[in-house]
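Peer 1: Below is run_36.tsv; it holds TSV, C-alpha atoms.
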```tsv
chain	number	residue	atom	x	y	z
A	7	MET	CA	-17.91	-6.56	-23.15
A	8	SER	CA	-16.17	-9.27	-25.19
A	9	VAL	CA	-12.89	-10.83	-24.13
A	10	ALA	CA	-11.06	-9.18	-27.03
A	11	ALA	CA	-12.44	-5.74	-26.10
A	12	ALA	CA	-11.49	-6.24	-22.46
A	13	ILE	CA	-7.94	-7.23	-23.43
A	14	GLN	CA	-7.68	-4.22	-25.76
A	15	ASP	CA	-8.95	-1.91	-22.99
A	16	ARG	CA	-6.39	-3.23	-20.53
A	17	SER	CA	-3.67	-2.86	-23.16
A	18	TRP	CA	-4.59	0.81	-23.61
A	19	VAL	CA	-4.43	1.42	-19.86
A	20	ARG	CA	-1.05	-0.29	-19.70
A	21	LYS	CA	0.31	1.83	-22.55
A	22	LEU	CA	-0.97	5.00	-20.87
A	23	ALA	CA	0.78	4.05	-17.62
A	24	GLU	CA	4.01	3.33	-19.53
A	25	THR	CA	3.79	6.71	-21.27
A	26	LYS	CA	3.36	8.54	-17.96
A	27	THR	CA	6.29	6.61	-16.51
A	28	ILE	CA	8.57	7.61	-19.38
A	29	ALA	CA	7.46	11.24	-19.00
A	30	TRP	CA	8.40	11.09	-15.30
A	31	TYR	CA	11.77	9.64	-16.31
A	32	GLY	CA	12.22	12.69	-18.54
A	33	ILE	CA	11.47	15.03	-15.62
A	34	GLY	CA	13.90	13.12	-13.41
A	35	LEU	CA	16.65	13.25	-16.03
A	36	GLY	CA	16.15	17.00	-16.42
A	37	LEU	CA	16.59	17.50	-12.68
A	38	LEU	CA	19.58	15.15	-12.69
A	39	ALA	CA	21.23	17.21	-15.45
A	40	PHE	CA	21.13	20.25	-13.17
A	41	TRP	CA	22.19	18.32	-10.08
A	42	LEU	CA	25.32	16.99	-11.80
A	43	ALA	CA	26.71	20.53	-11.90
A	44	LEU	CA	26.05	21.07	-8.18
A	45	PRO	CA	27.72	19.72	-5.04
A	46	PRO	CA	28.58	17.04	-4.19
A	47	TRP	CA	29.13	16.05	-7.86
A	48	ASP	CA	30.51	19.35	-9.30
A	49	VAL	CA	30.75	17.99	-12.86
A	50	ARG	CA	32.74	20.56	-14.88
A	51	PHE	CA	32.45	18.73	-18.23
A	52	GLU	CA	29.66	20.34	-20.29
A	53	GLY	CA	28.92	17.14	-22.16
A	54	GLY	CA	27.69	15.32	-19.03
A	55	PRO	CA	24.65	17.48	-18.21
A	56	ILE	CA	23.94	18.00	-21.91
A	57	ALA	CA	23.80	14.24	-22.55
A	58	VAL	CA	21.50	13.68	-19.60
A	59	GLY	CA	19.33	16.62	-20.65
A	60	ILE	CA	19.02	15.28	-24.20
A	61	ALA	CA	17.89	11.93	-22.78
A	62	GLY	CA	15.26	13.72	-20.70
A	63	LEU	CA	14.15	15.74	-23.73
A	64	ALA	CA	13.82	12.53	-25.76
A	65	CYS	CA	11.59	11.04	-23.05
A	66	GLY	CA	9.40	14.16	-23.08
A	67	LEU	CA	9.08	14.18	-26.86
A	68	TRP	CA	8.26	10.46	-26.84
A	69	ALA	CA	5.49	11.10	-24.30
A	70	LEU	CA	4.14	13.98	-26.42
A	71	SER	CA	4.04	11.77	-29.49
A	72	HIS	CA	1.95	9.25	-27.51
A	73	ASP	CA	-0.71	11.79	-26.43
A	74	GLU	CA	0.62	12.47	-22.92
A	75	LYS	CA	0.58	16.24	-23.30
A	76	ARG	CA	0.80	17.56	-19.75
A	77	LEU	CA	3.64	15.41	-18.37
A	78	GLY	CA	5.31	15.41	-21.77
A	79	TRP	CA	5.57	19.21	-21.84
A	80	TRP	CA	6.74	19.19	-18.23
A	81	ALA	CA	9.52	16.75	-19.18
A	82	VAL	CA	10.55	18.90	-22.15
A	83	ALA	CA	10.58	22.09	-20.05
A	84	VAL	CA	12.48	20.53	-17.14
A	85	ALA	CA	15.03	18.89	-19.46
A	86	ILE	CA	15.75	22.17	-21.27
A	87	GLY	CA	15.69	24.24	-18.09
A	88	GLY	CA	17.81	21.75	-16.14
A	89	THR	CA	20.45	21.62	-18.86
A	90	ALA	CA	20.56	25.41	-19.17
A	91	ALA	CA	20.82	25.78	-15.40
A	92	ALA	CA	23.62	23.20	-15.31
A	93	LEU	CA	25.61	25.07	-17.96
A	94	TRP	CA	25.11	28.29	-16.00
A	95	ALA	CA	26.22	26.61	-12.76
A	96	GLN	CA	29.38	25.32	-14.45
A	97	THR	CA	30.44	28.90	-15.13
A	98	LYS	CA	30.34	29.68	-11.41
A	99	ASP	CA	33.12	29.12	-8.93
A	100	THR	CA	32.89	25.80	-7.09
A	101	ASP	CA	33.37	27.42	-3.68
A	102	SER	CA	30.42	29.78	-4.21
A	103	LEU	CA	28.21	26.86	-5.25
A	104	ASP	CA	29.33	24.88	-2.21
A	105	ALA	CA	28.28	27.79	0.01
A	106	VAL	CA	24.73	27.68	-1.38
A	107	VAL	CA	24.10	24.07	-2.38
A	108	ASN	CA	25.32	21.79	0.38
A	109	ALA	CA	24.07	19.38	3.02
A	110	GLY	CA	22.84	22.35	5.03
A	111	LEU	CA	20.45	23.31	2.23
A	112	PHE	CA	18.83	19.87	2.21
A	113	ALA	CA	18.67	19.82	6.01
A	114	ALA	CA	17.00	23.24	5.92
A	115	THR	CA	14.57	21.93	3.30
A	116	ILE	CA	13.37	19.26	5.71
A	117	ARG	CA	13.16	21.71	8.60
A	118	PHE	CA	11.13	24.23	6.61
A	119	ALA	CA	8.89	21.48	5.20
A	120	THR	CA	8.05	19.93	8.58
A	121	PRO	CA	5.45	22.48	9.83
A	122	LEU	CA	3.89	22.53	6.36
A	123	ALA	CA	3.65	18.73	6.35
A	124	PHE	CA	1.88	18.62	9.73
A	125	ALA	CA	-0.71	21.14	8.52
A	126	ALA	CA	-1.02	19.45	5.12
A	127	MET	CA	-1.75	16.05	6.68
A	128	GLY	CA	-4.45	17.72	8.77
A	129	GLY	CA	-5.86	19.41	5.69
A	130	ILE	CA	-6.00	16.09	3.83
A	131	PHE	CA	-8.03	14.41	6.59
A	132	CYS	CA	-10.35	17.41	6.82
A	133	GLU	CA	-11.01	17.78	3.10
A	134	ARG	CA	-11.23	14.04	2.52
A	135	SER	CA	-14.19	14.14	4.91
A	136	GLY	CA	-15.81	16.95	2.91
A	137	VAL	CA	-14.91	20.10	4.88
A	138	ILE	CA	-12.65	22.84	3.53
A	139	ASN	CA	-10.23	24.10	6.17
A	140	VAL	CA	-8.82	27.49	5.23
A	141	GLY	CA	-8.29	28.01	8.96
A	142	LEU	CA	-5.08	25.94	9.02
A	143	GLU	CA	-3.11	29.18	9.26
A	144	GLY	CA	-4.91	30.27	12.44
A	145	MET	CA	-4.64	26.82	13.98
A	146	MET	CA	-0.89	26.75	13.31
A	147	LEU	CA	-0.54	30.21	14.86
A	148	SER	CA	-2.47	29.22	17.98
A	149	GLY	CA	-0.33	26.09	18.31
A	150	ALA	CA	2.82	28.19	18.06
A	151	PHE	CA	1.73	30.60	20.80
A	152	PHE	CA	0.08	28.25	23.28
A	153	GLY	CA	2.84	25.69	22.77
A	154	ILE	CA	5.60	28.04	23.86
A	155	TRP	CA	3.38	29.59	26.55
A	156	ALA	CA	2.72	26.20	28.14
A	157	ALA	CA	6.34	25.10	27.75
A	158	ALA	CA	7.50	28.29	29.49
A	159	TRP	CA	5.32	28.00	32.62
A	160	SER	CA	5.53	24.22	32.91
A	161	GLY	CA	9.18	23.79	32.01
A	162	SER	CA	8.27	20.84	29.78
A	163	TRP	CA	8.13	20.76	26.00
A	164	VAL	CA	5.74	17.80	26.21
A	165	VAL	CA	3.18	19.98	28.02
A	166	GLY	CA	3.76	22.63	25.38
A	167	ILE	CA	2.94	20.22	22.56
A	168	LEU	CA	-0.16	18.90	24.35
A	169	MET	CA	-1.49	22.40	25.05
A	170	ALA	CA	-0.85	23.41	21.45
A	171	MET	CA	-2.94	20.45	20.27
A	172	VAL	CA	-5.72	21.32	22.72
A	173	PHE	CA	-6.04	24.91	21.54
A	174	GLY	CA	-5.62	23.98	17.87
A	175	GLY	CA	-8.37	21.38	18.29
A	176	ALA	CA	-10.57	23.96	20.05
A	177	LEU	CA	-10.32	26.39	17.13
A	178	ALA	CA	-11.02	23.53	14.74
A	179	LEU	CA	-14.09	22.60	16.79
A	180	ILE	CA	-15.43	26.14	16.33
A	181	HIS	CA	-14.86	25.85	12.60
A	182	ALA	CA	-16.55	22.43	12.56
A	183	PHE	CA	-19.60	23.74	14.43
A	184	PHE	CA	-20.11	26.63	12.01
A	185	SER	CA	-19.38	24.55	8.91
A	186	ILE	CA	-21.22	21.32	9.77
A	187	HIS	CA	-24.11	22.21	12.05
A	188	LEU	CA	-24.79	25.84	11.12
A	189	ARG	CA	-23.91	25.14	7.47
A	190	ALA	CA	-22.02	28.41	7.14
A	191	ASP	CA	-19.76	29.12	4.20
A	192	GLN	CA	-16.68	27.04	5.00
A	193	ILE	CA	-14.20	29.42	3.40
A	194	VAL	CA	-15.60	32.42	5.30
A	195	SER	CA	-15.54	30.41	8.53
A	196	GLY	CA	-11.92	29.43	7.93
A	197	PHE	CA	-10.86	33.02	7.36
A	198	ALA	CA	-12.72	34.04	10.52
A	199	ILE	CA	-10.68	31.46	12.44
A	200	ASN	CA	-7.49	32.91	11.00
A	201	PHE	CA	-8.37	36.45	12.07
A	202	LEU	CA	-9.49	35.23	15.49
A	203	ALA	CA	-6.19	33.43	16.06
A	204	LEU	CA	-4.19	36.40	14.78
A	205	GLY	CA	-5.93	38.83	17.11
A	206	LEU	CA	-6.05	36.50	20.13
A	207	THR	CA	-2.40	35.44	19.99
A	208	GLY	CA	-1.26	39.00	19.32
A	209	TYR	CA	-3.19	40.35	22.29
A	210	LEU	CA	-2.10	37.59	24.69
A	211	PHE	CA	1.51	37.88	23.54
A	212	ARG	CA	1.61	41.58	24.36
A	213	TYR	CA	-0.41	41.15	27.56
A	214	ILE	CA	1.73	38.32	28.97
A	215	TYR	CA	5.19	39.13	27.67
A	216	GLY	CA	5.00	42.85	26.86
A	217	THR	CA	8.01	44.21	25.03
A	218	GLU	CA	10.41	41.63	26.50
A	219	GLY	CA	9.20	38.76	24.37
A	220	THR	CA	9.07	35.09	25.26
A	221	PRO	CA	11.68	33.66	27.68
A	222	SER	CA	14.98	32.61	26.15
A	223	ASP	CA	15.31	29.53	28.36
A	224	VAL	CA	12.04	27.88	27.31
A	225	ALA	CA	12.09	24.07	27.13
A	226	ARG	CA	12.90	23.00	23.56
A	227	ILE	CA	11.94	19.87	21.65
A	228	PRO	CA	15.04	17.62	21.71
A	229	THR	CA	17.15	16.56	18.77
A	230	VAL	CA	17.43	12.84	18.00
A	231	THR	CA	20.74	11.53	16.66
A	232	VAL	CA	20.74	8.14	14.95
A	233	PRO	CA	23.91	6.22	15.88
A	234	GLY	CA	25.96	5.41	12.80
A	235	LEU	CA	23.80	7.41	10.44
A	236	ASP	CA	25.34	10.69	11.57
A	237	LYS	CA	28.79	9.39	10.55
A	238	ILE	CA	27.88	8.90	6.87
A	239	PRO	CA	29.29	11.75	4.75
A	240	PHE	CA	26.69	14.20	3.44
A	241	ILE	CA	23.72	11.99	4.41
A	242	GLY	CA	24.65	12.23	8.07
A	243	ASP	CA	24.73	16.01	7.82
A	244	VAL	CA	21.22	16.01	6.38
A	245	ILE	CA	19.29	13.43	8.41
A	246	GLY	CA	21.76	12.08	10.94
A	247	SER	CA	20.64	14.48	13.66
A	248	MET	CA	17.13	15.94	13.43
A	249	SER	CA	14.45	17.29	15.75
A	250	LEU	CA	12.14	14.72	17.31
A	251	MET	CA	9.24	16.50	15.58
A	252	ILE	CA	10.73	15.78	12.16
A	253	TRP	CA	10.85	12.06	12.93
A	254	LEU	CA	7.30	12.29	14.25
A	255	MET	CA	6.25	13.97	11.02
A	256	LEU	CA	7.73	11.14	8.95
A	257	VAL	CA	5.85	8.59	11.06
A	258	LEU	CA	2.67	10.64	10.68
A	259	LEU	CA	3.14	10.69	6.90
A	260	ILE	CA	3.20	6.90	6.68
A	261	LEU	CA	0.42	6.53	9.23
A	262	SER	CA	-1.82	8.95	7.33
A	263	TRP	CA	-1.46	6.95	4.13
A	264	VAL	CA	-2.15	3.67	5.93
A	265	VAL	CA	-5.22	5.03	7.73
A	266	LEU	CA	-6.74	6.67	4.66
A	267	PHE	CA	-6.17	3.91	2.13
A	268	LYS	CA	-5.66	0.66	4.06
A	269	THR	CA	-8.17	0.75	6.92
A	270	PRO	CA	-11.98	0.71	7.26
A	271	ILE	CA	-11.97	4.11	9.00
A	272	GLY	CA	-10.11	5.57	6.03
A	273	LEU	CA	-12.73	4.16	3.69
A	274	ARG	CA	-15.45	5.78	5.82
A	275	ILE	CA	-13.67	9.13	5.74
A	276	ARG	CA	-13.36	9.02	1.96
A	277	SER	CA	-16.96	7.87	1.49
A	278	VAL	CA	-18.23	10.77	3.61
A	279	GLY	CA	-16.23	13.17	1.44
A	280	GLU	CA	-17.39	11.65	-1.83
A	281	HIS	CA	-21.04	10.74	-1.22
A	282	PRO	CA	-22.28	11.59	2.29
A	283	LYS	CA	-25.87	10.56	1.59
A	284	ALA	CA	-24.82	7.07	0.54
A	285	ALA	CA	-22.54	6.82	3.59
A	286	ASP	CA	-25.40	7.89	5.86
A	287	THR	CA	-27.66	5.29	4.27
A	288	VAL	CA	-25.34	2.44	5.28
A	289	GLY	CA	-25.10	3.70	8.86
A	290	ILE	CA	-21.96	5.85	8.81
A	291	SER	CA	-22.23	8.98	10.97
A	292	VAL	CA	-21.46	11.79	8.52
A	293	TYR	CA	-21.47	14.45	11.23
A	294	GLY	CA	-19.33	12.35	13.57
A	295	ILE	CA	-16.69	11.60	10.90
A	296	ARG	CA	-16.55	15.23	9.80
A	297	TYR	CA	-16.29	16.58	13.33
A	298	ALA	CA	-13.49	14.14	14.14
A	299	CYS	CA	-11.54	14.95	10.97
A	300	VAL	CA	-11.85	18.72	11.38
A	301	VAL	CA	-10.70	18.57	15.01
A	302	LEU	CA	-7.85	16.25	14.01
A	303	SER	CA	-6.78	18.72	11.31
A	304	GLY	CA	-6.63	21.49	13.90
A	305	MET	CA	-4.52	19.39	16.25
A	306	LEU	CA	-2.08	18.42	13.49
A	307	ALA	CA	-1.81	22.01	12.25
A	308	ALA	CA	-1.14	23.11	15.84
A	309	LEU	CA	1.68	20.54	16.01
A	310	GLY	CA	3.24	22.30	13.03
A	311	GLY	CA	2.92	25.62	14.83
A	312	ALA	CA	4.40	24.18	18.03
A	313	TYR	CA	7.36	22.88	16.05
A	314	LEU	CA	7.95	26.42	14.77
A	315	SER	CA	7.99	28.01	18.23
A	316	ILE	CA	9.51	25.41	20.57
A	317	GLY	CA	11.28	23.19	18.06
A	318	PHE	CA	12.71	25.44	15.37
A	319	VAL	CA	12.93	29.10	16.42
A	320	GLY	CA	12.72	28.83	20.22
A	321	SER	CA	10.57	31.94	20.56
A	322	PHE	CA	7.27	33.43	19.44
A	323	ASN	CA	6.59	36.50	17.34
A	324	GLU	CA	3.27	37.92	16.24
A	325	ASN	CA	2.03	36.27	13.04
A	326	MET	CA	5.12	34.06	13.00
A	327	THR	CA	3.46	31.46	10.75
A	328	ALA	CA	3.51	34.09	7.97
A	329	GLY	CA	1.13	32.30	5.61
A	330	ARG	CA	2.47	28.78	6.07
A	331	GLY	CA	-1.06	27.49	6.64
A	332	TYR	CA	-2.06	28.72	3.19
A	333	ILE	CA	1.03	27.11	1.66
A	334	ALA	CA	0.09	23.84	3.39
A	335	LEU	CA	-3.40	24.10	1.88
A	336	ALA	CA	-1.79	24.64	-1.52
A	337	ALA	CA	0.32	21.52	-0.92
A	338	VAL	CA	-2.88	19.54	-0.26
A	339	ILE	CA	-4.30	20.64	-3.61
A	340	PHE	CA	-1.00	20.20	-5.43
A	341	GLY	CA	-0.67	16.71	-3.96
A	342	LYS	CA	-4.23	15.80	-5.03
A	343	TRP	CA	-5.33	15.10	-1.46
A	344	ARG	CA	-2.80	12.28	-1.01
A	345	PRO	CA	-0.18	12.23	1.77
A	346	PHE	CA	3.01	11.44	-0.16
A	347	PRO	CA	2.47	13.83	-3.11
A	348	ALA	CA	1.44	16.54	-0.62
A	349	PHE	CA	4.64	15.93	1.33
A	350	ALA	CA	6.62	16.22	-1.91
A	351	ALA	CA	4.98	19.62	-2.44
A	352	CYS	CA	5.96	20.61	1.11
A	353	LEU	CA	9.55	19.63	0.34
A	354	LEU	CA	9.43	21.78	-2.78
A	355	PHE	CA	8.24	24.79	-0.80
A	356	GLY	CA	10.74	24.01	1.96
A	357	PHE	CA	13.54	23.89	-0.60
A	358	SER	CA	12.57	27.31	-1.94
A	359	SER	CA	12.64	28.74	1.61
A	360	GLY	CA	16.04	27.21	2.33
A	361	LEU	CA	17.42	28.37	-1.02
A	362	ALA	CA	16.12	31.91	-0.46
A	363	GLN	CA	17.82	32.00	2.92
A	364	ARG	CA	21.18	30.96	1.48
A	365	LEU	CA	20.96	33.28	-1.53
A	366	GLN	CA	20.29	36.13	0.85
A	367	ASN	CA	23.44	35.29	2.84
A	368	GLU	CA	25.76	34.52	-0.09
A	369	ALA	CA	24.52	36.48	-3.10
A	370	GLY	CA	23.55	39.72	-1.40
A	371	ILE	CA	20.10	39.74	-3.01
A	372	SER	CA	17.38	41.76	-1.28
A	373	SER	CA	15.83	39.78	1.58
A	374	ASN	CA	12.38	41.24	0.83
A	375	LEU	CA	12.59	39.91	-2.73
A	376	LEU	CA	13.81	36.46	-1.73
A	377	GLN	CA	11.18	36.05	0.98
A	378	THR	CA	8.54	36.07	-1.74
A	379	LEU	CA	10.08	33.02	-3.46
A	380	PRO	CA	8.04	30.33	-1.60
A	381	TYR	CA	4.80	32.22	-2.22
A	382	ILE	CA	5.56	32.76	-5.91
A	383	LEU	CA	6.33	29.06	-6.20
A	384	THR	CA	3.00	28.31	-4.52
A	385	LEU	CA	1.14	30.36	-7.12
A	386	ILE	CA	3.01	28.70	-9.99
A	387	ALA	CA	2.29	25.25	-8.55
A	388	LEU	CA	-1.41	26.01	-8.16
A	389	ILE	CA	-1.65	27.43	-11.68
A	390	GLY	CA	-0.16	24.18	-12.94
A	391	VAL	CA	-2.84	22.03	-11.29
A	392	VAL	CA	-5.91	24.24	-11.84
A	393	GLY	CA	-8.47	22.21	-13.75
A	394	ARG	CA	-6.45	19.01	-13.43
A	395	SER	CA	-6.79	18.31	-9.72
A	396	ARG	CA	-10.18	17.03	-8.60
A	397	GLY	CA	-10.92	17.04	-4.92
A	398	PRO	CA	-13.49	14.96	-3.04
A	399	ALA	CA	-16.89	15.33	-4.71
A	400	ALA	CA	-18.69	16.63	-1.61
A	401	VAL	CA	-15.94	18.91	-0.28
A	402	GLY	CA	-17.31	22.29	0.75
A	403	ARG	CA	-20.93	21.14	0.61
A	404	PRO	CA	-22.82	21.07	3.93
A	405	TYR	CA	-24.75	17.86	4.47
A	406	VAL	CA	-28.36	17.97	5.61
A	407	LYS	CA	-29.48	14.74	7.25
A	408	GLN	CA	-32.80	13.58	5.83
```
Would you write the structure of this file as structure tokens?
Peer 2:
Amino acid sequence: MSVAAAIQDRSWVRKLAETKTIAWYGIGLGLLAFWLALPPWDVRFEGGPIAVGIAGLACGLWALSHDEKRLGWWAVAVAIGGTAAALWAQTKDTDSLDAVVNAGLFAATIRFATPLAFAAMGGIFCERSGVINVGLEGMMLSGAFFGIWAAAWSGSWVVGILMAMVFGGALALIHAFFSIHLRADQIVSGFAINFLALGLTGYLFRYIYGTEGTPSDVARIPTVTVPGLDKIPFIGDVIGSMSLMIWLMLVLLILSWVVLFKTPIGLRIRSVGEHPKAADTVGISVYGIRYACVVLSGMLAALGGAYLSIGFVGSFNENMTAGRGYIALAAVIFGKWRPFPAFAACLLFGFSSGLAQRLQNEAGISSNLLQTLPYILTLIALIGVVGRSRGPAAVGRPYVKQ
């Protein structure tokens, strides 16, 4: 390639990146147009959201004119939708908006997103190594039950978390054995794990606790208050005082990105998921990496389940995960197998759960209808990425050592 051709190629890549950036600006401006009409801003002047929405629409149209179709259309849709939603919100009473959209909603978003994020990080490690883990739901459920069971008899939430990780890892080990060594269909194996966990936890729950349910005085995961941060208006109400598990999840998020993309072990995990034969040729243990990643995914998913039972609710109910493992798997796909985009998807699903809860309390809408909101959002998100999100090349394909 000549120097001129190389320069021209780099210039095209730079222009493409700039176009995507402007499209993202358009999406952000569309969301900002809606946010201006909500607390804490409560802008009552129609021209404010409209001006911001027009700016977002201009960014989307500019991206469309420069061949960035997907993000361009997203920017156009969000700008129009955000402006329309802002105008609708301005017709509502400020007090009613404050009751729905407040610091409590954003705090609930983080709380609802935390168990999803734990399972999603586990799913990323598992699928980056080349194994599909549909069993995240069952591993979360086992973590929820065995976590509160161990915390109840030991009197320590630390023991509860450790036992949850042990049993989540054990279920993941079963899935790894069937998927890696027996080369079974990984999706079927994952569903089998889910049904096993559902039946096992349901039986043990009834056998141990009967109709009385789990003890009310079980040891709970403590809340951590950051001095000074809790005094800041609005921000302090959101993140000033949070469960220890939420802080642990944020640390795990950063650590997952560092391990996967900045360390040799992360490179080995990704190479096993992309081209296991080449990795085996240079001396990397494909089976060892995959076993470790699958077991790790089970332990992380179980942490999410333990947070539900001994950190969030304080009790256990049969099938209390209610499909959160599947939503976490959707977040992995939506986030393109990367920690931070996957966490953003978890926040999106957490926001829908928190919003549904507040609409149920304030608007009197049917609870059965609102409970479907996170799952409907999951389907919409997956439809938006079908055909555009490419996973690891060898994911779901059993490796046969030559």
Peer 1: Find the residues near Val172 in chain A: any atom within 9 Å, counting only C-alpha atoms, skip ones fewer than 3 places away on the same chain, and give them as a list in words.
Peer 2: Gly149, Ile167, Leu168, Met169, Gly175, Ala176, Leu177, Gly304, Met305 and Ala308 of chain A
Peer 1: With all atoms listed in the file as the counted atoms, please give the residues lying no more than 7 Å from Pro398 in chain A, apart from itself and same-chain residues fewer than 5 positions off, as a list in words.
Peer 2: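 Close residues of Pro398 in chain A: Arg134, Gly136, Gly279 and Glu280 of chain A.
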Peer 1: So, with all atoms listed in the file as the atoms that count, which of A:Val292, A:Ile193, A:Ile199, A:Ile271 lies closest to Gly144 in chain A?
Peer 2: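 Closest residue, counting all atoms listed in the file: A:Ile199.
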Peer 1: Would you please work out which residue, of A:Phe318, A:Phe357, A:Tyr313, A:Phe124, is nearest to Gly153 in chain A when using all atoms listed in the file?
Peer 2: A:Tyr313
Peer 1: Quick one, how far is CA of Pro239 in chain A from CA of Thr120 in chain A?
Peer 2: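 Separation between CA of Pro239 in chain A and CA of Thr120 in chain A: 23.1 Å.
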Peer 1: In Å, rounded to a single decimal, give me how far CA of Phe173 in chain A is from CA of Arg226 in chain A.
Peer 2: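 One can read the CA of Arg226 in chain A to CA of Phe173 in chain A distance as 19.1 Å.
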Peer 1: Give me, as number ranges by chain, all polymer residues having an atom no more than 12 Å from Arg274 in chain A, counting all atoms listed in the file and skipping those fewer than 6 positions away in the same chain.
Peer 2: A: 131, 134-136, 265-268, 280-282, 284-286, 288-296, 298-299
Peer 1: One decimal, Å: what's the distance from CA of Phe197 in chain A over to CA of Gly360 in chain A, could you say?
Peer 2: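 Calculated distance between CA of Phe197 in chain A and CA of Gly360 in chain A is 28.0 Å.
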